[in-house]
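Novice: Next comes start.cif, mmCIF, C-alpha atoms:
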data_structure
#
loop_
_atom_site.label_atom_id
_atom_site.label_comp_id
_atom_site.auth_asym_id
_atom_site.auth_seq_id
_atom_site.Cartn_x
_atom_site.Cartn_y
_atom_site.Cartn_z
CA MET A 1 22.88 24.90 -14.91
CA LEU A 2 23.48 21.16 -15.10
CA PHE A 3 23.87 19.43 -11.75
CA HIS A 4 25.91 16.25 -11.60
CA ALA A 5 24.18 14.62 -8.62
CA PHE A 6 21.59 14.97 -5.87
CA LEU A 7 22.42 14.54 -2.20
CA ILE A 8 19.50 12.81 -0.49
CA LYS A 9 18.81 13.85 3.10
CA TYR A 10 16.79 11.75 5.53
CA ALA A 11 15.75 12.29 9.15
CA GLU A 12 14.19 9.45 11.17
CA ILE A 13 16.34 6.82 9.49
CA ALA A 14 19.41 8.34 11.16
CA ILE A 15 18.21 7.28 14.64
CA LYS A 16 17.48 3.64 13.78
CA GLY A 17 20.69 2.36 15.41
CA LYS A 18 21.89 -1.03 14.26
CA ASN A 19 18.92 -1.38 11.90
CA ARG A 20 19.70 1.87 10.10
CA TYR A 21 21.18 0.09 7.07
CA LEU A 22 17.87 -1.74 6.46
CA PHE A 23 16.01 1.55 6.18
CA GLU A 24 18.76 3.08 4.03
CA ASP A 25 18.62 0.09 1.68
CA ALA A 26 14.83 0.39 1.47
CA LEU A 27 15.16 4.09 0.65
CA VAL A 28 17.73 3.36 -2.07
CA LYS A 29 15.34 0.78 -3.54
CA GLN A 30 12.46 3.29 -3.57
CA ILE A 31 14.63 5.97 -5.19
CA ARG A 32 15.72 3.57 -7.93
CA GLN A 33 12.11 2.58 -8.55
CA ALA A 34 11.03 6.23 -8.80
CA LEU A 35 13.88 7.11 -11.17
CA SER A 36 13.20 4.09 -13.40
CA ARG A 37 10.39 6.17 -14.93
CA VAL A 38 12.80 8.99 -15.84
CA GLU A 39 14.83 8.79 -19.03
CA GLY A 40 18.54 8.22 -18.42
CA GLU A 41 20.76 5.93 -16.35
CA PHE A 42 20.94 7.14 -12.73
CA ALA A 43 23.25 5.59 -10.14
CA VAL A 44 21.99 5.56 -6.54
CA GLN A 45 24.74 4.90 -4.01
CA LYS A 46 25.33 4.95 -0.27
CA GLU A 47 28.60 6.72 0.56
CA GLN A 48 29.86 7.28 4.12
CA GLY A 49 26.53 8.09 5.73
CA ARG A 50 25.19 9.78 2.62
CA ILE A 51 22.91 8.72 -0.23
CA TYR A 52 23.75 10.20 -3.61
CA VAL A 53 21.94 10.06 -6.93
CA PHE A 54 24.52 10.41 -9.71
CA CYS A 55 23.03 11.74 -12.93
CA PRO A 56 23.75 10.90 -16.58
CA GLU A 57 25.29 13.50 -18.85
CA SER A 58 21.88 14.40 -20.23
CA TYR A 59 18.66 14.26 -18.21
CA ASP A 60 15.50 16.25 -17.46
CA TYR A 61 16.17 18.14 -14.23
CA GLU A 62 12.53 18.96 -13.41
CA GLU A 63 11.30 15.44 -14.13
CA THR A 64 14.07 13.95 -11.99
CA LEU A 65 13.35 16.33 -9.15
CA ASP A 66 9.63 15.56 -9.32
CA ALA A 67 10.33 11.82 -9.08
CA LEU A 68 12.53 12.31 -6.01
CA ARG A 69 9.98 14.56 -4.31
CA HIS A 70 7.48 11.69 -4.33
CA VAL A 71 9.73 9.25 -2.44
CA PHE A 72 8.81 8.77 1.21
CA GLY A 73 11.85 8.86 3.49
CA ILE A 74 13.47 11.83 1.76
CA VAL A 75 13.30 15.09 3.73
CA GLY A 76 15.68 17.11 1.57
CA ILE A 77 17.12 17.03 -1.96
CA CYS A 78 20.31 18.97 -2.64
CA PRO A 79 21.36 19.52 -6.26
CA VAL A 80 25.16 19.02 -6.37
CA ARG A 81 27.92 20.21 -8.67
CA ILE A 82 31.03 17.98 -8.69
CA PHE A 83 34.52 19.30 -9.46
CA GLU A 84 37.89 17.65 -9.84
CA ASP A 85 40.25 18.19 -6.90
CA ARG A 86 42.98 20.42 -8.36
CA GLY A 87 44.07 21.99 -5.09
CA LEU A 88 42.44 24.47 -2.74
CA GLU A 89 43.02 27.52 -4.91
CA GLU A 90 41.28 25.92 -7.90
CA THR A 91 38.50 24.60 -5.63
CA ALA A 92 37.84 28.15 -4.42
CA ARG A 93 37.58 29.33 -8.02
CA ASP A 94 35.21 26.48 -8.83
CA VAL A 95 32.97 27.46 -5.89
CA VAL A 96 32.95 31.09 -7.06
CA GLY A 97 31.93 29.85 -10.53
CA TYR A 98 29.17 27.82 -8.89
CA MET A 99 27.98 30.93 -7.04
CA GLU A 100 27.99 32.99 -10.22
CA SER A 101 25.80 30.38 -11.92
CA CYS A 102 23.41 29.59 -9.07
CA HIS A 103 23.33 32.87 -7.14
CA PRO A 104 24.30 35.68 -9.54
CA ASP A 105 24.56 39.17 -8.00
CA PHE A 106 24.33 37.67 -4.50
CA SER A 107 24.34 40.42 -1.88
CA GLY A 108 23.18 38.73 1.32
CA THR A 109 24.89 36.97 4.21
CA PHE A 110 26.55 33.58 3.76
CA LYS A 111 28.84 31.03 5.27
CA VAL A 112 30.90 28.18 3.85
CA TYR A 113 30.56 24.82 5.57
CA THR A 114 33.24 22.26 4.74
CA ARG A 115 33.09 18.54 5.46
CA ARG A 116 36.13 16.36 4.82
CA ALA A 117 34.89 12.86 4.04
CA ARG A 118 38.43 12.24 2.76
CA LYS A 119 40.41 12.60 5.96
CA THR A 120 43.75 12.59 4.14
CA TYR A 121 42.99 15.99 2.66
CA PRO A 122 45.90 18.14 3.92
CA VAL A 123 43.99 21.33 4.81
CA PRO A 124 41.67 21.53 7.89
CA SER A 125 37.98 22.13 7.25
CA MET A 126 37.94 25.56 8.93
CA GLU A 127 40.78 26.78 6.76
CA VAL A 128 39.13 25.49 3.60
CA SER A 129 35.95 27.39 4.53
CA ALA A 130 37.91 30.56 5.28
CA GLN A 131 39.82 30.54 1.99
CA ILE A 132 36.74 29.81 -0.10
CA GLY A 133 34.82 32.48 1.80
CA GLY A 134 37.53 35.01 1.01
CA HIS A 135 37.30 34.29 -2.71
CA ILE A 136 33.50 34.68 -2.58
CA LEU A 137 33.83 38.07 -0.86
CA GLU A 138 36.20 39.24 -3.60
CA ALA A 139 33.79 38.11 -6.33
CA PHE A 140 30.65 39.38 -4.55
CA PRO A 141 31.62 42.67 -2.81
CA ARG A 142 28.12 43.28 -1.46
CA ALA A 143 28.00 39.88 0.29
CA ARG A 144 28.81 39.49 4.00
CA VAL A 145 29.86 36.57 6.14
CA ASP A 146 27.53 35.47 8.97
CA VAL A 147 28.44 32.12 10.50
CA HIS A 148 25.48 32.10 12.92
CA GLU A 149 22.36 32.92 10.87
CA PRO A 150 23.39 33.17 7.21
CA GLU A 151 20.89 33.64 4.42
CA LEU A 152 22.88 31.16 2.35
CA THR A 153 25.08 28.21 3.32
CA ILE A 154 27.49 26.89 0.70
CA SER A 155 28.36 23.30 1.58
CA VAL A 156 31.65 21.85 0.34
CA GLU A 157 32.23 18.11 0.75
CA ILE A 158 35.73 16.87 0.09
CA ARG A 159 35.64 13.32 -1.24
CA GLU A 160 37.67 11.89 -4.11
CA LYS A 161 36.21 14.91 -5.88
CA ILE A 162 34.77 18.16 -4.57
CA TYR A 163 30.99 18.26 -4.05
CA VAL A 164 29.33 21.69 -3.80
CA TYR A 165 25.69 22.49 -3.01
CA SER A 166 23.72 25.35 -1.45
CA GLN A 167 20.05 24.47 -1.90
CA THR A 168 17.84 22.00 -0.05
CA ILE A 169 14.54 21.22 -1.75
CA ARG A 170 11.88 19.80 0.54
CA GLY A 171 11.08 16.10 0.13
CA ALA A 172 8.00 14.07 1.06
CA GLY A 173 9.33 13.07 4.50
CA GLY A 174 8.15 9.98 6.33
CA MET A 175 9.65 6.50 6.09
CA PRO A 176 10.53 4.34 3.05
CA VAL A 177 7.55 2.33 1.85
CA GLY A 178 7.73 -1.33 2.84
CA THR A 179 9.61 -0.83 6.11
CA ASN A 180 6.45 -1.07 8.25
CA GLY A 181 4.42 -3.87 6.72
CA LYS A 182 1.30 -3.79 4.55
CA ALA A 183 -2.27 -2.53 4.99
CA THR A 184 -5.42 -2.51 2.86
CA LEU A 185 -7.21 0.75 2.07
CA LEU A 186 -10.96 1.03 1.55
CA LEU A 187 -10.72 3.43 -1.38
CA SER A 188 -13.77 5.38 -2.53
CA GLY A 189 -14.07 8.20 -5.02
CA GLY A 190 -14.19 10.82 -2.27
CA ILE A 191 -11.64 13.23 -0.83
CA ASP A 192 -10.81 11.46 2.42
CA SER A 193 -9.74 7.90 1.60
CA PRO A 194 -6.90 8.80 -0.85
CA VAL A 195 -5.52 11.15 1.83
CA ALA A 196 -5.75 8.35 4.41
CA GLY A 197 -3.84 5.98 2.12
CA TYR A 198 -1.17 8.61 1.47
CA MET A 199 -0.72 9.28 5.20
CA ILE A 200 -0.32 5.61 6.14
CA ALA A 201 2.06 5.01 3.21
CA LYS A 202 4.10 7.96 4.47
CA ARG A 203 4.84 5.94 7.61
CA GLY A 204 6.48 3.21 5.53
CA VAL A 205 3.42 0.99 4.99
CA GLN A 206 2.85 -0.75 1.67
CA ILE A 207 -0.68 -0.10 0.39
CA GLU A 208 -3.26 -2.30 -1.27
CA ALA A 209 -6.84 -1.15 -1.88
CA VAL A 210 -10.44 -2.32 -2.23
CA TYR A 211 -13.10 -0.36 -4.15
CA PHE A 212 -16.80 -1.24 -3.99
CA HIS A 213 -18.51 -0.78 -7.36
CA ALA A 214 -22.30 -0.84 -7.86
CA PRO A 215 -23.22 -1.05 -11.53
CA PRO A 216 -25.52 0.13 -13.03
CA TYR A 217 -26.08 2.57 -10.17
CA THR A 218 -22.47 3.70 -10.44
CA SER A 219 -20.91 4.25 -13.85
CA GLU A 220 -17.69 3.01 -15.39
CA ARG A 221 -16.50 6.59 -15.10
CA ALA A 222 -16.90 6.35 -11.31
CA LYS A 223 -14.69 3.27 -11.39
CA GLN A 224 -12.12 5.03 -13.59
CA LYS A 225 -12.11 7.93 -11.13
CA VAL A 226 -11.05 5.54 -8.36
CA VAL A 227 -8.37 4.02 -10.59
CA ASP A 228 -7.09 7.54 -11.27
CA LEU A 229 -7.00 8.27 -7.52
CA ALA A 230 -5.12 5.03 -6.87
CA ARG A 231 -2.60 6.03 -9.53
CA LEU A 232 -2.06 9.43 -7.87
CA VAL A 233 -1.50 7.80 -4.46
CA ALA A 234 0.82 5.25 -6.10
CA ARG A 235 3.14 8.10 -7.12
CA TYR A 236 4.08 8.19 -3.44
CA SER A 237 3.31 4.66 -2.23
CA GLY A 238 4.61 2.65 -5.17
CA PRO A 239 2.48 0.04 -6.98
CA ILE A 240 -1.00 -0.64 -5.54
CA ARG A 241 -3.04 -3.79 -6.05
CA LEU A 242 -6.66 -2.64 -6.39
CA TYR A 243 -9.58 -5.03 -5.90
CA VAL A 244 -12.78 -3.84 -7.62
CA VAL A 245 -15.70 -5.57 -5.87
CA ASN A 246 -19.17 -5.72 -7.43
CA PHE A 247 -21.34 -4.72 -4.47
CA THR A 248 -24.68 -4.21 -6.23
CA ASP A 249 -26.43 -7.46 -5.27
CA ILE A 250 -25.40 -7.13 -1.62
CA GLN A 251 -26.66 -3.55 -1.46
CA LEU A 252 -29.99 -4.39 -3.10
CA TYR A 253 -30.53 -7.35 -0.79
CA ILE A 254 -29.84 -5.23 2.30
CA TYR A 255 -32.11 -2.51 0.87
CA ASP A 256 -34.96 -5.00 0.43
CA GLN A 257 -34.62 -6.80 3.79
CA CYS A 258 -33.55 -4.21 6.37
CA PRO A 259 -34.76 -0.90 7.85
CA HIS A 260 -33.59 1.94 5.63
CA ASP A 261 -32.24 4.06 8.47
CA GLU A 262 -29.72 1.24 9.11
CA LEU A 263 -28.63 0.84 5.48
CA THR A 264 -25.38 2.77 5.75
CA ILE A 265 -24.19 0.92 8.85
CA LEU A 266 -25.14 -2.51 7.50
CA MET A 267 -23.49 -1.86 4.14
CA ARG A 268 -20.34 -0.57 5.85
CA ARG A 269 -20.18 -3.70 8.00
CA TYR A 270 -20.23 -5.91 4.90
CA MET A 271 -17.67 -3.72 3.19
CA MET A 272 -15.36 -4.14 6.17
CA ARG A 273 -15.86 -7.92 6.14
CA ILE A 274 -15.05 -8.16 2.43
CA ALA A 275 -12.08 -5.80 2.67
CA GLU A 276 -10.72 -7.86 5.55
CA TYR A 277 -11.02 -11.01 3.42
CA PHE A 278 -8.70 -9.50 0.80
CA ALA A 279 -6.42 -8.04 3.48
CA LYS A 280 -5.89 -11.45 5.08
CA LYS A 281 -5.48 -13.07 1.68
CA ASP A 282 -2.58 -10.73 0.92
CA LYS A 283 -1.16 -10.80 4.46
CA SER A 284 -2.01 -7.20 5.26
CA LEU A 285 -1.72 -6.24 8.91
CA GLY A 286 -4.72 -3.92 9.04
CA LEU A 287 -7.39 -1.92 7.24
CA ILE A 288 -7.28 1.81 6.41
CA THR A 289 -10.30 4.10 6.08
CA GLY A 290 -10.72 7.83 5.53
CA GLU A 291 -13.29 8.30 8.29
CA SER A 292 -13.31 11.45 10.42
CA ILE A 293 -15.37 11.63 13.62
CA GLY A 294 -18.76 13.24 13.09
CA GLN A 295 -18.29 14.09 9.42
CA VAL A 296 -21.32 12.05 8.31
CA ALA A 297 -23.83 9.72 10.00
CA SER A 298 -21.68 6.63 9.45
CA GLN A 299 -18.74 8.31 11.18
CA THR A 300 -20.12 9.03 14.62
CA MET A 301 -18.40 7.25 17.50
CA HIS A 302 -21.36 4.85 17.78
CA SER A 303 -21.30 4.10 14.05
CA LEU A 304 -17.54 3.51 13.96
CA ALA A 305 -17.85 1.09 16.88
CA ALA A 306 -20.60 -0.76 15.01
CA THR A 307 -18.49 -1.20 11.87
CA ASP A 308 -15.33 -2.10 13.79
CA GLU A 309 -17.13 -4.95 15.55
CA VAL A 310 -17.04 -7.16 12.45
CA CYS A 311 -13.24 -6.83 12.02
CA THR A 312 -10.50 -8.93 13.59
CA LEU A 313 -7.71 -6.84 12.03
CA PRO A 314 -6.98 -3.34 13.40
CA VAL A 315 -8.56 -0.42 11.54
CA TYR A 316 -6.31 2.61 10.98
CA ARG A 317 -7.99 6.00 10.51
CA PRO A 318 -5.24 8.60 10.04
CA VAL A 319 -7.66 11.52 9.44
CA ILE A 320 -9.95 10.63 12.36
CA GLY A 321 -9.36 13.96 14.16
CA PHE A 322 -9.07 16.21 11.11
CA ASP A 323 -11.77 18.62 9.99
CA LYS A 324 -12.73 18.70 6.31
CA GLN A 325 -10.59 21.70 5.44
CA GLU A 326 -7.47 20.05 6.84
CA ILE A 327 -8.14 16.96 4.74
CA VAL A 328 -8.77 19.09 1.66
CA GLU A 329 -5.44 20.88 2.14
CA ILE A 330 -3.57 17.56 2.05
CA ALA A 331 -5.65 16.39 -0.93
CA ARG A 332 -4.60 19.53 -2.81
CA GLN A 333 -0.97 18.98 -1.81
CA ILE A 334 -0.92 15.43 -3.18
CA GLN A 335 -3.04 16.45 -6.20
CA THR A 336 -5.97 14.11 -5.57
CA PHE A 337 -8.52 16.85 -4.82
CA ASP A 338 -9.46 17.74 -8.41
CA THR A 339 -10.06 14.09 -9.23
CA SER A 340 -12.01 13.43 -6.02
CA ILE A 341 -14.52 16.20 -6.71
CA GLN A 342 -15.42 14.94 -10.17
CA PRO A 343 -19.23 14.36 -10.19
CA TYR A 344 -19.24 10.56 -10.39
CA GLU A 345 -20.94 8.97 -7.38
CA ASP A 346 -19.74 5.85 -5.60
CA CYS A 347 -21.87 3.14 -4.04
CA CYS A 348 -21.79 4.80 -0.61
CA THR A 349 -23.67 7.85 -1.89
CA ILE A 350 -26.22 6.05 -4.08
CA PHE A 351 -28.03 4.16 -1.29
CA VAL A 352 -27.89 6.74 1.50
CA ALA A 353 -31.06 6.88 3.61
CA LYS A 354 -32.84 10.19 4.11
CA HIS A 355 -32.56 9.88 7.89
CA PRO A 356 -29.73 7.45 8.73
CA VAL A 357 -29.28 6.28 12.29
CA THR A 358 -26.40 8.10 14.03
CA LYS A 359 -26.31 6.05 17.25
CA PRO A 360 -26.82 2.47 16.11
CA ASN A 361 -27.60 -0.12 18.76
CA LEU A 362 -25.45 -3.20 18.15
CA LYS A 363 -28.19 -5.59 19.30
CA VAL A 364 -30.59 -4.03 16.80
CA ILE A 365 -27.99 -4.10 14.02
CA ARG A 366 -27.24 -7.78 14.63
CA ARG A 367 -30.98 -8.53 14.63
CA SER A 368 -31.31 -6.80 11.26
CA GLU A 369 -28.38 -8.77 9.88
CA GLY A 370 -30.22 -11.92 10.92
CA LYS A 371 -32.83 -11.10 8.26
CA LEU A 372 -30.10 -11.51 5.64
CA SER A 373 -29.06 -15.02 6.63
CA GLU A 374 -30.81 -16.76 3.74
CA LYS A 375 -28.62 -15.32 0.95
CA ILE A 376 -25.97 -12.98 2.31
CA GLU A 377 -23.13 -15.48 2.67
CA GLU A 378 -23.59 -16.62 -0.93
CA LEU A 379 -23.66 -13.02 -2.15
CA VAL A 380 -20.51 -12.14 -0.21
CA LYS A 381 -18.70 -15.20 -1.55
CA THR A 382 -19.68 -14.30 -5.12
CA ALA A 383 -18.47 -10.73 -4.63
CA GLN A 384 -15.13 -11.98 -3.34
CA GLU A 385 -14.65 -14.54 -6.11
CA THR A 386 -15.61 -12.19 -8.95
CA ALA A 387 -13.59 -9.17 -7.83
CA GLU A 388 -11.50 -7.60 -10.57
CA VAL A 389 -7.81 -7.20 -9.69
CA LEU A 390 -5.93 -4.23 -11.11
CA GLU A 391 -2.23 -3.53 -10.66
CA ILE A 392 -1.86 0.24 -10.41
CA GLU A 393 1.58 1.68 -11.17
#
With the file now loaded, output its structure as structure tokens.

Specialist:
Amino acid sequence: MLFHAFLIKYAEIAIKGKNRYLFEDALVKQIRQALSRVEGEFAVQKEQGRIYVFCPESYDYEETLDALRHVFGIVGICPVRIFEDRGLEETARDVVGYMESCHPDFSGTFKVYTRRARKTYPVPSMEVSAQIGGHILEAFPRARVDVHEPELTISVEIREKIYVYSQTIRGAGGMPVGTNGKATLLLSGGIDSPVAGYMIAKRGVQIEAVYFHAPPYTSERAKQKVVDLARLVARYSGPIRLYVVNFTDIQLYIYDQCPHDELTILMRRYMMRIAEYFAKKDKSLGLITGESIGQVASQTMHSLAATDEVCTLPVYRPVIGFDKQEIVEIARQIQTFDTSIQPYEDCCTIFVAKHPVTKPNLKVIRRSEGKLSEKIEELVKTAQETAEVLEIE
């Protein structure tokens, strides 16, 4: 059955008071951007407290629905049939025809909910619902009315035309991207960091990303894996600027100069410094990581404190209290899991010590960093200046 439009439902936006229109406009912008990748001319309009997507005569329903389900800020998507207003009797027949197409042989409980956006309509909403309900009972003799807990609600909106819908498809939720600033994600090839980026983007934050590459110890396929993950996150977050930083020389220098049980912490501290450089360059308001307390040696409370010390921007860790299975469930939901588990190692796994320190002492860590003073600043500067910039759609 061809639907003429989609009613877009949102939740948090409705309580934004005088600023509500800013969030609505941002959501409309995100919807238009998502639908620009679908063939056909779609019209996205705000109408009397509603957002509607009006469809062309010919379009791919599943592809359109998939695009809408990836837009943060949408909690529900209602496929709508639109009928000409030819009087209440004809409207009731149109609704019965809709039922026969969408819910053939319906035998459960239902109610009709009518909303008159056009206040000049001469028949009260309750009477419209009653008359349409009567026609449905005649056409579906095994159906029953239940106005309190119906199995099916048929919504009828009276505008210049008659809008009918009965299904609400779950959306991505959250807030429209771009309504809460920008942050920079430290993106690896693992399971956790793409989930972290997705979760922060869901709160309306625009995402940029930094990936640390270590050729020849990590392959081009490892880099492509991260690009693929960024592309999957971008389906929700919108375009992502990805900085690919060559980290090999910094890692080798740390490896040669410092105790090996401190390698992970020292490398993470320089990653955070470099990521913050790009974050400030692009006016991001914070860093995002996929760290979860106690998951690995570099993610103990002591280790996190040691890496945070080098940052002046806040560090957001949305999966900090999640166990691995909870993170995996979200990764499967957003379809990053299968890519994340591909066997291409990133630079964090190549130089892991056999017995890494789990409770680093900051005085000791700073003393070890002092051994790097001869060359480290030059190496960091080179890594920043030679970073590859990719625009991920």

Novice: Sorted by chain and rising residue number, which residues of region 43-71 of chain A lie within 12 Å of region 78-96 of chain A, and what are their closest atom pairs and distances in Å to one decimal, counting all atoms listed in the file, as a tab-separated table?

Specialist:
residue	atom	partner	partner_atom	distance
A:Arg50	CA	A:Cys78	CA	11.7
A:Ile51	CA	A:Cys78	CA	10.8
A:Tyr52	CA	A:Val80	CA	9.3
A:Val53	CA	A:Pro79	CA	9.5
A:Phe54	CA	A:Val80	CA	9.3
A:Cys55	CA	A:Val80	CA	10.0
A:Tyr61	CA	A:Pro79	CA	9.6
A:Glu62	CA	A:Pro79	CA	11.4
A:Thr64	CA	A:Pro79	CA	10.8
A:Leu65	CA	A:Pro79	CA	9.1
A:Leu68	CA	A:Cys78	CA	10.8
A:Arg69	CA	A:Cys78	CA	11.4

Novice: Taking only C-alpha atoms into account, which of A:Val164, A:Val123, A:Val75, A:Ile158 comes nearest Gly97 (chain A)?

Specialist: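 When distances to Gly97 (chain A) are compared using only C-alpha atoms, the smallest one comes from A:Val164.
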
Novice: Apply the PyMOL selection byres ((chain A and resi 365-367) around 12) to the file shown and report the selected residues as an MDAnalysis selection string.

Specialist: chainID A and resid 254 257:269 302:303 305:307 309:310 357 359:364 368:373

Novice: Mind pulling up the distance from CA of Tyr270 (chain A) to CA of Leu379 (chain A)?

Specialist: 10.6 Å

Novice: Figure out the distance between CA of Tyr255 (chain A) and CA of Val210 (chain A), please, to one decimal in Å.

Specialist: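 Straight-line distance from CA of Val210 (chain A) to CA of Tyr255 (chain A) works out to 21.9 Å.
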
Novice: Could you check the closest approach to Glu276 (chain A) for each of A:Ala14, A:Val71, A:Val177, A:Val315 and tell me which residue wins, using only C-alpha atoms?

Specialist: A:Val315

Novice: Please determine the residues with any atom at most 8 Å from (38.3, 23.6, 3.5) (coordinates as given in the file, with only C-alpha atoms counting) and report them as a PDB file with C-alpha atoms, in the frame of the given file.

Specialist:
ATOM      1  CA  LEU A  88      42.440  24.470  -2.740  1.00  0.00           C
ATOM      2  CA  THR A 114      33.240  22.260   4.740  1.00  0.00           C
ATOM      3  CA  ARG A 115      33.090  18.540   5.460  1.00  0.00           C
ATOM      4  CA  ARG A 116      36.130  16.360   4.820  1.00  0.00           C
ATOM      5  CA  VAL A 123      43.990  21.330   4.810  1.00  0.00           C
ATOM      6  CA  PRO A 124      41.670  21.530   7.890  1.00  0.00           C
ATOM      7  CA  SER A 125      37.980  22.130   7.250  1.00  0.00           C
ATOM      8  CA  MET A 126      37.940  25.560   8.930  1.00  0.00           C
ATOM      9  CA  GLU A 127      40.780  26.780   6.760  1.00  0.00           C
ATOM     10  CA  VAL A 128      39.130  25.490   3.600  1.00  0.00           C
ATOM     11  CA  SER A 129      35.950  27.390   4.530  1.00  0.00           C
ATOM     12  CA  ALA A 130      37.910  30.560   5.280  1.00  0.00           C
ATOM     13  CA  GLN A 131      39.820  30.540   1.990  1.00  0.00           C
ATOM     14  CA  ILE A 132      36.740  29.810  -0.100  1.00  0.00           C
ATOM     15  CA  VAL A 156      31.650  21.850   0.340  1.00  0.00           C
ATOM     16  CA  ILE A 158      35.730  16.870   0.090  1.00  0.00           C
TER      17      ILE A 158
END

Novice: Excluding Phe72 (chain A) and its own-chain neighbours fewer than 3 positions away, which residues fall within 6 Å of it when counting only C-alpha atoms? Please give them as number ranges by chain.

Specialist: A: 172-176, 202

Novice: Please evaluate the PyMOL selection byres ((chain A and resi 218-234) around 9) against the displayed coordinates and give the resulting residues as a PyMOL selection string.

Specialist: chain A and resi 187-190+194-195+197-198+201+207+209+211-217+235-240+242+244+334-336+339-340+342-347+350+390+392-393

Novice: Fewer than 5 positions away in the same chain doesn't count, so skip those; otherwise give me all residues within 7 Å of region 290-300 of chain A, counting only C-alpha atoms, as an MDAnalysis selection string.

Specialist: chainID A and resid 192:193 196 264:265 317 319:322 356:358

Novice: Name the closest residue to Glu157 (chain A) among the candidates A:Thr289, A:Gln325, A:Thr382, A:Gln48; distances are taken between atoms, counting all atoms listed in the file.

Specialist: A:Gln48

Novice: Interatomic distance between CA of Tyr59 (chain A) and CA of Glu39 (chain A)?

Specialist: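 Result for CA of Tyr59 (chain A) versus CA of Glu39 (chain A): 6.7 Å, one decimal.
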
Novice: Check the smallest atom-to-atom distance from each of A:Ala183, A:Leu252, A:Leu285, A:Ile77 to Gly171 (chain A) using all atoms listed in the file, then report the winner.

Specialist: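 Of all the options, A:Ile77 lies closest to Gly171 (chain A).
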
Novice: May I have the residues within 12 Å of Leu152 (chain A) as a ChimeraX atom specification, using all atoms listed in the file and disregarding those fewer than 3 positions away in the same chain?

Specialist: /A:99,102-103,106-113,143-149,155,165-168
